[in-house]
file target.cif (mmCIF, C-alpha atoms and all ligand atoms)
data_model
#
loop_
_atom_site.label_atom_id
_atom_site.label_comp_id
_atom_site.auth_asym_id
_atom_site.auth_seq_id
_atom_site.Cartn_x
_atom_site.Cartn_y
_atom_site.Cartn_z
CA ARG A 7 86.40 10.02 18.32
CA PRO A 8 83.22 8.02 18.66
CA ARG A 9 81.28 8.73 21.84
CA VAL A 10 80.61 6.21 24.61
CA LEU A 11 78.25 6.29 27.57
CA SER A 12 77.63 3.61 30.14
CA GLY A 13 76.33 3.38 33.70
CA ILE A 14 76.40 1.22 36.78
CA GLN A 15 74.08 1.11 39.79
CA PRO A 16 75.39 1.85 43.29
CA THR A 17 73.16 -0.81 44.81
CA ALA A 18 75.75 -2.97 46.59
CA ASP A 19 78.76 -2.50 48.84
CA SER A 20 80.93 -3.90 46.11
CA PHE A 21 80.84 -4.55 42.40
CA HIS A 22 81.22 -8.18 41.43
CA LEU A 23 83.40 -9.87 38.86
CA GLY A 24 80.51 -9.95 36.37
CA ASN A 25 80.25 -6.14 36.47
CA TYR A 26 83.97 -5.83 36.03
CA LEU A 27 84.49 -8.36 33.24
CA GLY A 28 81.22 -7.69 31.43
CA ALA A 29 81.36 -3.92 31.54
CA VAL A 30 83.93 -1.94 33.52
CA ARG A 31 86.95 -3.59 31.92
CA ASN A 32 85.72 -2.44 28.53
CA TRP A 33 85.03 1.03 29.89
CA VAL A 34 88.68 1.25 30.87
CA ALA A 35 89.88 0.05 27.46
CA MET A 36 87.61 2.41 25.54
CA GLN A 37 89.19 5.45 27.17
CA GLU A 38 92.01 4.95 24.67
CA THR A 39 89.83 5.01 21.58
CA HIS A 40 86.58 6.80 22.42
CA ASP A 41 85.26 9.97 24.00
CA THR A 42 83.95 8.33 27.17
CA PHE A 43 81.20 9.23 29.67
CA TYR A 44 80.62 6.97 32.66
CA CYS A 45 77.90 7.42 35.17
CA VAL A 46 77.05 6.10 38.64
CA VAL A 47 73.29 5.81 38.21
CA ASP A 48 71.93 6.74 41.61
CA LEU A 49 68.51 7.68 40.19
CA HIS A 50 68.15 4.10 39.01
CA ALA A 51 69.22 2.87 42.43
CA ILE A 52 66.08 4.10 44.20
CA THR A 53 63.60 2.12 42.08
CA MET A 54 63.46 -0.90 44.40
CA GLY A 55 63.49 0.73 47.83
CA HIS A 56 66.72 1.79 49.50
CA ASP A 57 68.42 3.23 52.56
CA PRO A 58 69.44 6.91 52.08
CA ALA A 59 72.68 6.82 54.11
CA LEU A 60 73.72 3.61 52.41
CA LEU A 61 72.99 5.02 48.96
CA ARG A 62 75.24 8.02 49.58
CA GLN A 63 78.01 5.77 50.84
CA ARG A 64 77.63 3.33 47.96
CA THR A 65 77.71 6.14 45.42
CA ARG A 66 81.16 7.15 46.67
CA LEU A 67 82.19 3.49 46.92
CA SER A 68 81.14 2.95 43.32
CA ALA A 69 83.08 5.93 42.05
CA ALA A 70 86.14 4.85 44.04
CA GLN A 71 85.97 1.33 42.63
CA LEU A 72 85.65 2.61 39.07
CA LEU A 73 88.71 4.79 39.51
CA ALA A 74 90.56 1.92 41.17
CA ALA A 75 89.64 -0.34 38.26
CA GLY A 76 91.33 2.04 35.86
CA LEU A 77 89.02 4.91 34.93
CA ASP A 78 91.17 7.99 34.60
CA PRO A 79 89.42 11.30 35.30
CA GLU A 80 91.87 12.97 32.91
CA ARG A 81 90.69 10.78 30.05
CA CYS A 82 87.04 10.05 30.77
CA THR A 83 84.10 11.93 32.20
CA LEU A 84 83.04 10.17 35.41
CA PHE A 85 79.97 11.56 37.12
CA VAL A 86 76.95 10.88 39.29
CA GLN A 87 73.63 10.77 37.46
CA SER A 88 71.68 12.92 39.96
CA HIS A 89 74.25 15.72 39.50
CA VAL A 90 72.99 16.20 35.96
CA PRO A 91 69.29 17.14 36.12
CA GLU A 92 68.90 16.80 32.36
CA HIS A 93 68.65 13.00 32.77
CA PRO A 94 65.18 12.95 34.36
CA GLN A 95 64.15 15.91 32.19
CA LEU A 96 64.84 14.08 28.95
CA SER A 97 63.44 10.90 30.46
CA TRP A 98 60.04 12.58 30.82
CA VAL A 99 59.97 13.51 27.15
CA MET A 100 61.01 10.00 26.10
CA SER A 101 58.37 8.45 28.37
CA CYS A 102 55.74 10.30 26.36
CA ILE A 103 56.74 8.48 23.18
CA THR A 104 57.09 5.07 24.85
CA GLY A 105 54.19 2.67 24.60
CA PHE A 106 52.79 1.21 27.80
CA GLY A 107 52.92 -2.25 26.24
CA GLU A 108 56.42 -1.66 25.00
CA ALA A 109 57.63 -0.84 28.52
CA SER A 110 55.67 -3.80 29.92
CA ARG A 111 57.66 -6.18 27.75
CA MET A 112 61.00 -5.39 29.39
CA THR A 113 62.12 -8.67 30.91
CA GLN A 114 64.09 -7.06 33.75
CA PHE A 115 60.96 -5.20 34.80
CA LYS A 116 58.92 -8.38 34.62
CA ASP A 117 61.47 -10.33 36.69
CA LYS A 118 62.01 -7.63 39.30
CA SER A 119 58.36 -6.67 39.67
CA ALA A 120 57.38 -10.33 39.96
CA LYS A 121 59.87 -10.69 42.81
CA GLN A 122 58.51 -7.63 44.62
CA GLY A 123 54.87 -8.39 43.95
CA THR A 124 53.31 -6.52 41.03
CA ASP A 125 51.27 -4.24 43.30
CA ARG A 126 54.27 -3.17 45.32
CA ALA A 127 56.65 -2.60 42.41
CA SER A 128 57.14 1.13 41.84
CA VAL A 129 56.30 3.17 38.77
CA GLY A 130 59.99 4.11 38.79
CA LEU A 131 60.91 0.47 38.24
CA PHE A 132 58.55 0.46 35.27
CA THR A 133 60.02 3.58 33.67
CA TYR A 134 63.60 2.62 34.55
CA PRO A 135 64.57 1.67 30.95
CA ILE A 136 63.29 5.03 29.66
CA LEU A 137 65.59 6.86 32.07
CA GLN A 138 68.38 4.59 30.86
CA ALA A 139 67.58 5.60 27.27
CA ALA A 140 67.78 9.26 28.31
CA ASP A 141 71.18 8.63 29.95
CA ILE A 142 72.50 7.37 26.64
CA LEU A 143 70.79 9.74 24.21
CA LEU A 144 71.75 12.89 26.12
CA TYR A 145 75.39 12.25 25.22
CA GLN A 146 74.74 11.29 21.58
CA ALA A 147 76.56 8.04 22.35
CA ASP A 148 77.59 5.84 19.45
CA ALA A 149 78.42 2.81 21.58
CA VAL A 150 77.24 1.55 24.97
CA PRO A 151 79.49 -1.06 26.59
CA VAL A 152 77.34 -3.40 28.71
CA GLY A 153 76.78 -7.05 29.57
CA GLU A 154 74.27 -9.29 27.83
CA ASP A 155 71.52 -8.55 30.37
CA GLN A 156 71.24 -4.98 29.05
CA ARG A 157 70.65 -5.93 25.41
CA GLN A 158 66.89 -5.44 25.54
CA HIS A 159 67.21 -2.02 27.19
CA LEU A 160 69.59 -1.01 24.41
CA GLU A 161 67.09 -2.15 21.79
CA LEU A 162 64.46 0.04 23.43
CA THR A 163 66.89 2.96 23.46
CA ARG A 164 67.50 2.56 19.73
CA ASP A 165 63.76 2.34 19.03
CA LEU A 166 63.07 5.48 21.04
CA ALA A 167 65.88 7.42 19.36
CA GLN A 168 64.61 6.45 15.92
CA ARG A 169 61.02 7.22 16.86
CA PHE A 170 61.90 10.66 18.19
CA ASN A 171 63.98 11.42 15.10
CA THR A 172 61.11 10.36 12.84
CA LEU A 173 58.48 12.29 14.77
CA PHE A 174 60.38 15.52 15.35
CA GLY A 175 63.42 15.52 13.06
CA LYS A 176 66.92 14.16 13.49
CA THR A 177 68.03 14.89 17.04
CA PHE A 178 69.66 11.79 18.54
CA THR A 179 72.46 9.47 17.49
CA VAL A 180 71.10 5.92 17.38
CA PRO A 181 73.49 4.02 19.68
CA SER A 182 74.80 0.47 19.36
CA ALA A 183 75.21 -1.95 22.21
CA PHE A 184 78.87 -2.88 22.65
CA ILE A 185 78.78 -6.39 24.09
CA VAL A 186 81.93 -8.49 24.15
CA ARG A 187 80.71 -12.02 23.59
CA ASP A 188 83.26 -13.92 25.70
CA THR A 189 82.56 -12.01 28.89
CA ALA A 190 78.99 -10.83 28.27
CA LYS A 191 77.54 -13.19 30.84
CA ILE A 192 79.74 -14.26 33.73
CA THR A 193 77.78 -16.85 35.65
CA ASP A 194 77.15 -17.64 39.30
CA LEU A 195 79.78 -19.95 40.79
CA GLN A 196 77.15 -22.01 42.57
CA GLU A 197 74.58 -21.95 39.80
CA PRO A 198 76.60 -21.76 36.58
CA THR A 199 73.64 -21.37 34.25
CA ALA A 200 72.46 -18.15 35.99
CA LYS A 201 74.27 -14.83 35.63
CA MET A 202 76.42 -13.61 38.48
CA SER A 203 74.16 -11.04 40.12
CA LYS A 204 74.01 -8.66 43.08
CA SER A 205 70.64 -10.11 43.93
CA ALA A 206 71.87 -13.73 43.93
CA SER A 207 70.29 -15.92 46.57
CA SER A 208 73.65 -16.90 48.04
CA PRO A 209 76.86 -14.85 48.33
CA ALA A 210 78.86 -18.03 47.64
CA GLY A 211 78.20 -17.68 43.92
CA ILE A 212 79.51 -14.15 43.47
CA ILE A 213 83.04 -12.76 43.70
CA GLU A 214 82.94 -9.25 45.14
CA LEU A 215 85.82 -6.97 44.25
CA LEU A 216 85.98 -5.59 47.79
CA GLU A 217 85.51 -8.73 49.85
CA ASP A 218 88.36 -10.41 51.72
CA PRO A 219 90.45 -12.04 48.96
CA ALA A 220 90.74 -15.19 51.07
CA ARG A 221 86.98 -15.46 50.87
CA SER A 222 87.07 -15.05 47.08
CA ALA A 223 89.69 -17.79 46.86
CA LYS A 224 87.51 -20.09 48.91
CA LYS A 225 84.49 -19.39 46.69
CA ILE A 226 86.50 -20.26 43.58
CA ARG A 227 87.78 -23.46 45.18
CA SER A 228 84.23 -24.51 46.06
CA ALA A 229 82.67 -23.47 42.74
CA VAL A 230 80.21 -25.97 41.32
CA THR A 231 81.84 -27.88 38.50
CA ASP A 232 80.34 -30.33 36.12
CA THR A 233 80.23 -34.08 35.88
CA GLY A 234 83.18 -35.71 34.17
CA ARG A 235 86.73 -34.65 34.90
CA GLU A 236 87.99 -33.19 31.66
CA ILE A 237 88.78 -29.49 31.46
CA ILE A 238 87.21 -28.39 28.20
CA PHE A 239 85.39 -25.24 27.11
CA ASP A 240 81.76 -26.10 26.37
CA PRO A 241 79.32 -23.63 27.98
CA ALA A 242 76.26 -25.77 27.14
CA ALA A 243 77.53 -29.10 28.44
CA LYS A 244 79.99 -27.78 31.02
CA PRO A 245 78.79 -24.37 32.21
CA GLY A 246 80.72 -24.44 35.50
CA VAL A 247 84.15 -25.25 34.10
CA SER A 248 83.58 -23.01 31.09
CA ASN A 249 82.76 -20.05 33.35
CA LEU A 250 85.97 -20.61 35.31
CA LEU A 251 87.95 -20.75 32.06
CA THR A 252 86.29 -17.55 30.88
CA ILE A 253 87.21 -15.71 34.08
CA TYR A 254 90.74 -17.13 34.01
CA SER A 255 91.26 -16.09 30.40
CA ALA A 256 89.80 -12.61 30.88
CA LEU A 257 91.94 -11.86 33.94
CA THR A 258 95.21 -13.18 32.51
CA GLY A 259 94.84 -12.48 28.80
CA ARG A 260 95.64 -16.12 28.06
CA PRO A 261 93.42 -17.49 25.29
CA ILE A 262 90.99 -20.20 26.42
CA ASP A 263 92.54 -22.74 24.03
CA ASP A 264 95.92 -22.23 25.68
CA LEU A 265 94.41 -22.81 29.09
CA VAL A 266 92.62 -25.94 27.95
CA GLY A 267 95.94 -27.21 26.57
CA ALA A 268 97.80 -26.33 29.74
CA TYR A 269 95.29 -28.20 31.94
CA ASP A 270 95.18 -31.28 29.75
CA GLY A 271 95.40 -34.28 32.07
CA LYS A 272 94.96 -32.16 35.20
CA GLY A 273 91.86 -31.99 37.42
CA TYR A 274 89.23 -29.41 38.33
CA GLY A 275 91.03 -28.91 41.64
CA ASP A 276 94.19 -27.72 39.90
CA LEU A 277 92.27 -25.27 37.75
CA LYS A 278 90.40 -23.85 40.72
CA LYS A 279 93.51 -23.54 42.87
CA ASP A 280 95.33 -21.59 40.16
CA LEU A 281 92.34 -19.42 39.31
CA ALA A 282 91.88 -18.60 43.01
CA GLU A 283 95.42 -17.19 42.97
CA VAL A 284 94.77 -15.22 39.79
CA VAL A 285 91.67 -13.65 41.33
CA VAL A 286 93.45 -12.76 44.56
CA GLU A 287 96.31 -11.13 42.62
CA PHE A 288 93.78 -9.16 40.64
CA VAL A 289 91.62 -7.85 43.49
CA ARG A 290 94.41 -6.92 45.93
CA PRO A 291 95.62 -3.79 44.10
CA VAL A 292 92.04 -2.81 43.19
CA GLN A 293 91.16 -2.91 46.87
CA GLU A 294 94.20 -0.86 47.85
CA ARG A 295 93.43 1.82 45.31
CA THR A 296 89.75 1.88 46.28
CA ARG A 297 90.72 2.44 49.90
CA ALA A 298 93.05 5.27 48.90
CA TYR A 299 90.22 7.07 47.07
CA LEU A 300 87.85 6.55 50.00
CA ASP A 301 90.43 7.93 52.43
CA ASP A 302 89.95 11.32 50.83
CA PRO A 303 86.22 11.77 50.23
CA ALA A 304 86.55 15.53 49.68
CA GLN A 305 88.95 14.90 46.79
CA LEU A 306 86.67 12.19 45.41
CA ASP A 307 83.66 14.53 45.55
CA LYS A 308 85.70 17.17 43.78
CA LEU A 309 86.55 14.76 40.95
CA LEU A 310 82.85 13.95 40.63
CA ALA A 311 81.92 17.62 40.57
CA ILE A 312 84.35 18.21 37.71
CA GLY A 313 82.89 15.19 35.92
CA ALA A 314 79.35 16.49 36.40
CA GLU A 315 80.30 19.85 34.98
CA LYS A 316 81.82 18.26 31.86
CA ALA A 317 78.82 15.95 31.45
CA ARG A 318 76.37 18.77 31.90
CA ALA A 319 77.96 20.86 29.19
CA VAL A 320 76.97 18.14 26.72
CA ALA A 321 73.63 17.21 28.30
CA VAL A 322 72.34 20.79 28.34
CA GLU A 323 72.89 21.13 24.60
CA THR A 324 71.07 17.90 23.75
CA LEU A 325 68.16 18.64 26.05
CA ARG A 326 67.79 22.11 24.59
CA ALA A 327 67.69 20.66 21.07
CA ALA A 328 65.13 18.02 22.10
CA TYR A 329 62.92 20.58 23.88
CA ASP A 330 63.04 22.78 20.83
CA LYS A 331 62.11 19.92 18.47
CA VAL A 332 59.21 18.91 20.70
CA GLY A 333 57.85 22.44 20.53
CA PHE A 334 58.43 23.76 24.03
CA LEU A 335 58.55 27.54 24.01
CA ALA A 336 62.08 28.62 24.85
CA PRO A 337 62.24 30.83 27.95
CA ALA A 338 62.92 34.41 26.89
P1 LIG B 1 74.10 -2.91 36.55
O1 LIG B 1 74.46 -1.90 37.58
O2 LIG B 1 73.19 -4.02 36.95
O3 LIG B 1 75.40 -3.58 35.98
C1 LIG B 1 76.49 -2.82 35.50
C2 LIG B 1 77.09 -3.50 34.27
O4 LIG B 1 77.54 -4.83 34.59
C3 LIG B 1 77.02 -5.74 33.62
N1 LIG B 1 76.84 -7.05 34.26
C4 LIG B 1 77.36 -8.20 33.81
N2 LIG B 1 78.14 -8.48 32.75
C5 LIG B 1 78.53 -9.77 32.57
N3 LIG B 1 78.17 -10.77 33.41
C6 LIG B 1 77.39 -10.54 34.49
N4 LIG B 1 77.05 -11.54 35.31
C7 LIG B 1 76.96 -9.20 34.72
N5 LIG B 1 76.18 -8.62 35.68
C8 LIG B 1 76.13 -7.31 35.38
C9 LIG B 1 75.70 -5.12 33.18
O5 LIG B 1 75.30 -5.63 31.93
C10 LIG B 1 76.06 -3.66 33.13
O6 LIG B 1 76.68 -3.34 31.91
N6 LIG B 1 70.60 -0.67 33.73
C11 LIG B 1 72.03 -0.74 34.01
C12 LIG B 1 72.61 0.59 34.44
C13 LIG B 1 72.42 1.73 33.49
C14 LIG B 1 73.05 1.89 32.23
C15 LIG B 1 72.62 3.17 31.76
C16 LIG B 1 73.90 1.11 31.48
C17 LIG B 1 71.69 2.85 33.71
N7 LIG B 1 71.79 3.69 32.68
C18 LIG B 1 73.03 3.65 30.52
C19 LIG B 1 74.31 1.61 30.23
C20 LIG B 1 73.88 2.85 29.77
C21 LIG B 1 72.26 -1.73 35.13
O7 LIG B 1 71.39 -1.99 35.92
O8 LIG B 1 73.53 -2.19 35.24
#
call {"tool": "encode", "arguments": {"input": "target.cif", "output": "structure tokens"}}
result
Amino acid sequence: RPRVLSGIQPTADSFHLGNYLGAVRNWVAMQETHDTFYCVVDLHAITMGHDPALLRQRTRLSAAQLLAAGLDPERCTLFVQSHVPEHPQLSWVMSCITGFGEASRMTQFKDKSAKQGTDRASVGLFTYPILQAADILLYQADAVPVGEDQRQHLELTRDLAQRFNTLFGKTFTVPSAFIVRDTAKITDLQEPTAKMSKSASSPAGIIELLEDPARSAKKIRSAVTDTGREIIFDPAAKPGVSNLLTIYSALTGRPIDDLVGAYDGKGYGDLKKDLAEVVVEFVRPVQERTRAYLDDPAQLDKLLAIGAEKARAVAVETLRAAYDKVGFLAPA
């Protein structure tokens, strides 16, 4: 079976619908066809400043949501990044073959450091994509299911894998980004040309999996739609309506063309009202299952410990091979 690795940051109290539709949904599906490793990336979550108690809580919350969304610890390896020390160890080695200019060109770094003020942005934020490359390469992943915003980080990962292999001999699988076009960029409900994001200026534009479903319904009903009144799928001309159709189609499995046909002659209000119901139906059971996992934190921690052990078995082997290729003297 081809190998998969992906990760998600525990930087919010809830994942949003963009995380779910762009990434997590595919993680769930790939359990059937791939050998899957999924990681709550807490090391990445401290690059912008954080609260320690909140981080610990959000790490459990993240794991609980992933399980509630359909990850099955019998079929995938779910773990917490900091439980596997090989991640930062390999990251150091990869940082030594990454160009300063190359890292400076990462658009997420440029955006995030500009927001924080370049002087205040941490070195960790700068090296963040190198740690991400290490996450992936440690597991010899063939495919990395992510949203569109991670494409550049995946390109860097491929470049670093190839560079290492060329410099020191074949060590890493060169991974491919697995990006499902239709749902690769779910947009903000209030600003439908921007991606739905945890750091959005207003909570009105994002649907959080764990928020009160009535609130989600209200956000859908007050989503910004476009001029005109026709319900057609045209992301360039009608980004608002097209985003709603994308979400609707992804959550119900109904093709977009079918939806467009079904809403022929109806108004934006009808579409929003129906989609609000679809979203509520979707999040309710996810919330119930998340709560059930959180009710038993000891059991949750045990699942994560088992995941870390399985992940480590693979990571240790890859790190050992990389250390050897680089020329580190093996401890006697
Ligand atoms: P993060 O935590 O920001 O997001 C998790 C996943 O959700 C996707 N995503 C979206 N997809 C569609 N539409 C959106 N509006 C949207 N917003 C977020 C992201 O693309 C991502 O797949 N750097 C990564 C975490 C990471 C990682 C890794 C990923 C660390 N190591 C190794 C893959 C492999 C990140 O910040 O994702």
call {"tool": "axis_aligned_box", "arguments": {"input": "target.cif", "around": "ligand LIG 1 (chain B)", "padding_each_side": "3 Å", "output": "JSON"}}
result
{"center_x": 74.6, "center_y": -3.9, "center_z": 33.7, "size_x": 13.9, "size_y": 21.2, "size_z": 13.8}
call {"tool": "residues_near_ligand", "arguments": {"input": "target.cif", "ligand": "ligand LIG 1 (chain B)", "cutoff": "9 Å", "atoms": "all atoms listed in the file", "output": "PyMOL selection string"}}
result
chain A and resi 11-17+21-30+44-51+87+134-135+137-142+150-157+159-160+183+185+189-194+200-204+212
call {"tool": "write_last_selection", "arguments": {"input": "target.cif", "atoms": "C-alpha atoms", "output": "compact mmCIF listing (two decimals), in the coordinates of the input"}}
result
# COMPACT_ATOMS: atom_id res chain seq x y z
CA LEU A 11 78.25 6.29 27.57
CA SER A 12 77.63 3.61 30.14
CA GLY A 13 76.33 3.38 33.70
CA ILE A 14 76.40 1.22 36.78
CA GLN A 15 74.08 1.11 39.79
CA PRO A 16 75.39 1.85 43.29
CA THR A 17 73.16 -0.81 44.81
CA PHE A 21 80.84 -4.55 42.40
CA HIS A 22 81.22 -8.18 41.43
CA LEU A 23 83.40 -9.87 38.86
CA GLY A 24 80.51 -9.95 36.37
CA ASN A 25 80.25 -6.14 36.47
CA TYR A 26 83.97 -5.83 36.03
CA LEU A 27 84.49 -8.36 33.24
CA GLY A 28 81.22 -7.69 31.43
CA ALA A 29 81.36 -3.92 31.54
CA VAL A 30 83.93 -1.94 33.52
CA TYR A 44 80.62 6.97 32.66
CA CYS A 45 77.90 7.42 35.17
CA VAL A 46 77.05 6.10 38.64
CA VAL A 47 73.29 5.81 38.21
CA ASP A 48 71.93 6.74 41.61
CA LEU A 49 68.51 7.68 40.19
CA HIS A 50 68.15 4.10 39.01
CA ALA A 51 69.22 2.87 42.43
CA GLN A 87 73.63 10.77 37.46
CA TYR A 134 63.60 2.62 34.55
CA PRO A 135 64.57 1.67 30.95
CA LEU A 137 65.59 6.86 32.07
CA GLN A 138 68.38 4.59 30.86
CA ALA A 139 67.58 5.60 27.27
CA ALA A 140 67.78 9.26 28.31
CA ASP A 141 71.18 8.63 29.95
CA ILE A 142 72.50 7.37 26.64
CA VAL A 150 77.24 1.55 24.97
CA PRO A 151 79.49 -1.06 26.59
CA VAL A 152 77.34 -3.40 28.71
CA GLY A 153 76.78 -7.05 29.57
CA GLU A 154 74.27 -9.29 27.83
CA ASP A 155 71.52 -8.55 30.37
CA GLN A 156 71.24 -4.98 29.05
CA ARG A 157 70.65 -5.93 25.41
CA HIS A 159 67.21 -2.02 27.19
CA LEU A 160 69.59 -1.01 24.41
CA ALA A 183 75.21 -1.95 22.21
CA ILE A 185 78.78 -6.39 24.09
CA THR A 189 82.56 -12.01 28.89
CA ALA A 190 78.99 -10.83 28.27
CA LYS A 191 77.54 -13.19 30.84
CA ILE A 192 79.74 -14.26 33.73
CA THR A 193 77.78 -16.85 35.65
CA ASP A 194 77.15 -17.64 39.30
CA ALA A 200 72.46 -18.15 35.99
CA LYS A 201 74.27 -14.83 35.63
CA MET A 202 76.42 -13.61 38.48
CA SER A 203 74.16 -11.04 40.12
CA LYS A 204 74.01 -8.66 43.08
CA ILE A 212 79.51 -14.15 43.47
call {"tool": "atom_distance", "arguments": {"input": "target.cif", "atom1": "atom CA of Lys224 of chain A", "atom2": "atom CA of Ala74 of chain A"}}
result
23.5 Å
call {"tool": "residues_around", "arguments": {"input": "target.cif", "residues": "Gly105 of chain A", "least_positions_apart": "4", "cutoff": "12 Å", "atoms": "only C-alpha atoms", "output": "list in words"}}
result
Met100, Ser101, Ala109, Ser110, Arg111, Met112, Phe132, Thr133, Ile136, Leu162, Asp165, Leu166 and Arg169 of chain A
call {"tool": "write_last_selection", "arguments": {"input": "target.cif", "atoms": "C-alpha atoms", "output": "tab-separated table (two decimals), in the coordinates of the input"}}
result
chain	number	residue	atom	x	y	z
A	100	MET	CA	61.01	10.00	26.10
A	101	SER	CA	58.37	8.45	28.37
A	109	ALA	CA	57.63	-0.84	28.52
A	110	SER	CA	55.67	-3.80	29.92
A	111	ARG	CA	57.66	-6.18	27.75
A	112	MET	CA	61.00	-5.39	29.39
A	132	PHE	CA	58.55	0.46	35.27
A	133	THR	CA	60.02	3.58	33.67
A	136	ILE	CA	63.29	5.03	29.66
A	162	LEU	CA	64.46	0.04	23.43
A	165	ASP	CA	63.76	2.34	19.03
A	166	LEU	CA	63.07	5.48	21.04
A	169	ARG	CA	61.02	7.22	16.86
call {"tool": "closest_residue", "arguments": {"input": "target.cif", "among": "A:Phe43, A:Ala256, A:Val292, A:Gly107", "to": "Glu217 of chain A", "atoms": "only C-alpha atoms"}}
result
A:Val292
call {"tool": "closest_residue", "arguments": {"input": "target.cif", "among": "A:Val285, A:Ile237, A:Asn249, A:Phe334", "to": "Asp264 of chain A", "atoms": "only C-alpha atoms"}}
result
A:Ile237
call {"tool": "closest_residue", "arguments": {"input": "target.cif", "among": "A:Ile262, A:Leu173, A:Val129, A:Val86", "to": "Thr53 of chain A", "atoms": "all atoms listed in the file"}}
result
A:Val129
call {"tool": "residues_around", "arguments": {"input": "target.cif", "residues": "Ala311 of chain A", "least_positions_apart": "5", "cutoff": "12 Å", "atoms": "all atoms listed in the file", "output": "list of chain:residue names"}}
result
A:Ala69, A:Pro79, A:Thr83, A:Leu84, A:Phe85, A:Val86, A:Gln87, A:Ser88, A:His89, A:Val90, A:Ala304, A:Gln305, A:Leu306, A:Lys316, A:Ala317, A:Arg318
call {"tool": "atom_distance", "arguments": {"input": "target.cif", "atom1": "atom CA of Gln71 of chain A", "atom2": "atom CA of Asp218 of chain A"}}
result
15.0 Å
call {"tool": "closest_residue", "arguments": {"input": "target.cif", "among": "A:Ile213, A:Leu143, A:Gly271, A:Phe170", "to": "Ser182 of chain A", "atoms": "all atoms listed in the file"}}
result
A:Leu143
call {"tool": "atom_distance", "arguments": {"input": "target.cif", "atom1": "atom CA of Leu77 of chain A", "atom2": "atom CA of Thr42 of chain A"}}
result
9.9 Å
call {"tool": "closest_residue", "arguments": {"input": "target.cif", "among": "A:Ala210, A:Ile103, A:Ala147, A:Leu251", "to": "Thr179 of chain A", "atoms": "all atoms listed in the file"}}
result
A:Ala147
call {"tool": "closest_residue", "arguments": {"input": "target.cif", "among": "A:Glu323, A:Glu287, A:Asp270, A:Glu236", "to": "Leu257 of chain A", "atoms": "only C-alpha atoms"}}
result
A:Glu287
call {"tool": "residues_around", "arguments": {"input": "target.cif", "residues": "Leu250 of chain A", "least_positions_apart": "6", "cutoff": "10 Å", "atoms": "all atoms listed in the file", "output": "ChimeraX atom specification"}}
result
/A:192-193,195,198,226,229-231,239,256,274,277-278,281-282
call {"tool": "residues_around", "arguments": {"input": "target.cif", "residues": "Pro303 of chain A", "least_positions_apart": "5", "cutoff": "12 Å", "atoms": "only C-alpha atoms", "output": "JSON, numbers by chain"}}
result
{"A": [62, 63, 65, 66, 67, 69, 70, 296, 297, 298, 308, 309, 310]}
